[in-house]
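Report on the structure given below.
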Amino acid sequence: MTTHGPVLPIWTCGGCGAPWPCRTRRNELKAEYEDAPVSLALYLGSCLVAATQDMAWAPAGLLHRRFLGWLP
């Protein structure tokens, strides 16, 4: 179990304080979903929707890059 989970509703990392998903959690997610990239995209898409509701003040493009922009 990772310590790099999101702290809601501000979506920071509980392990390092960086914006979630942090670099460590991204690497963990890549490993966890290595054989299921579509599932990873769906999971992060659902996180993006939740974060958009929690952080209505944040620009949509910024949140998109943060949650999905790092996927290959």
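In the structure tokens, chains take letters A, B, ... by order of appearance, with residues numbered from 1 within each chain and ligands from 1 in the order shown.
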Neighbours of region 60-66 of chain A within 9 Å (only C-alpha atoms; same-chain residues fewer than 6 positions away dropped), as a ChimeraX atom specification? /A:19-21,45,48,51-52
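The residue set within 9 Å of Met55 (chain A), counting only C-alpha atoms and dropping same-chain residues fewer than 4 places from it, reads A:Pro9, A:Ile10, A:Trp11, A:Ala50, A:Ala51, A:Pro59.
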Which of A:Cys22, A:Cys13, A:Ala56, A:Leu71 sits closest to Leu40 (chain A) [using only C-alpha atoms]: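 Comparing A:Cys22, A:Cys13, A:Ala56, A:Leu71 against Leu40 (chain A), the winner is A:Leu71.
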Looking only at the backbone, which of the residues in chain A does DSSP tag as strand (DSSP E or B), as a list in words?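 After running DSSP on the backbone, chain A has strand (DSSP E or B) at Pro6, Val7, Thr12, Cys13 and Pro19 of chain A.
Counting only C-alpha atoms and comparing A:Leu44, A:Ala58, A:Leu8, A:Val49, the residue that lies closest to Leu29 (chain A) is A:Leu44.
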Write out as a PyMOL selection string the set of residues from chain A that DSSP, computed on the backbone, places in alpha helix (DSSP H). chain A and resi 23-32+37-54+60-67
Hey, can you check how far CA of Asn27 (chain A) sits from CA of Trp57 (chain A)?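 Taking CA of Asn27 (chain A) and CA of Trp57 (chain A), their separation equals 27.6 Å.
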Could you state the separation of CA of Gly17 (chain A) and CA of Tyr43 (chain A) in Å, given to one decimal place?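 Value for the CA of Gly17 (chain A)-CA of Tyr43 (chain A) distance: 21.1 Å.
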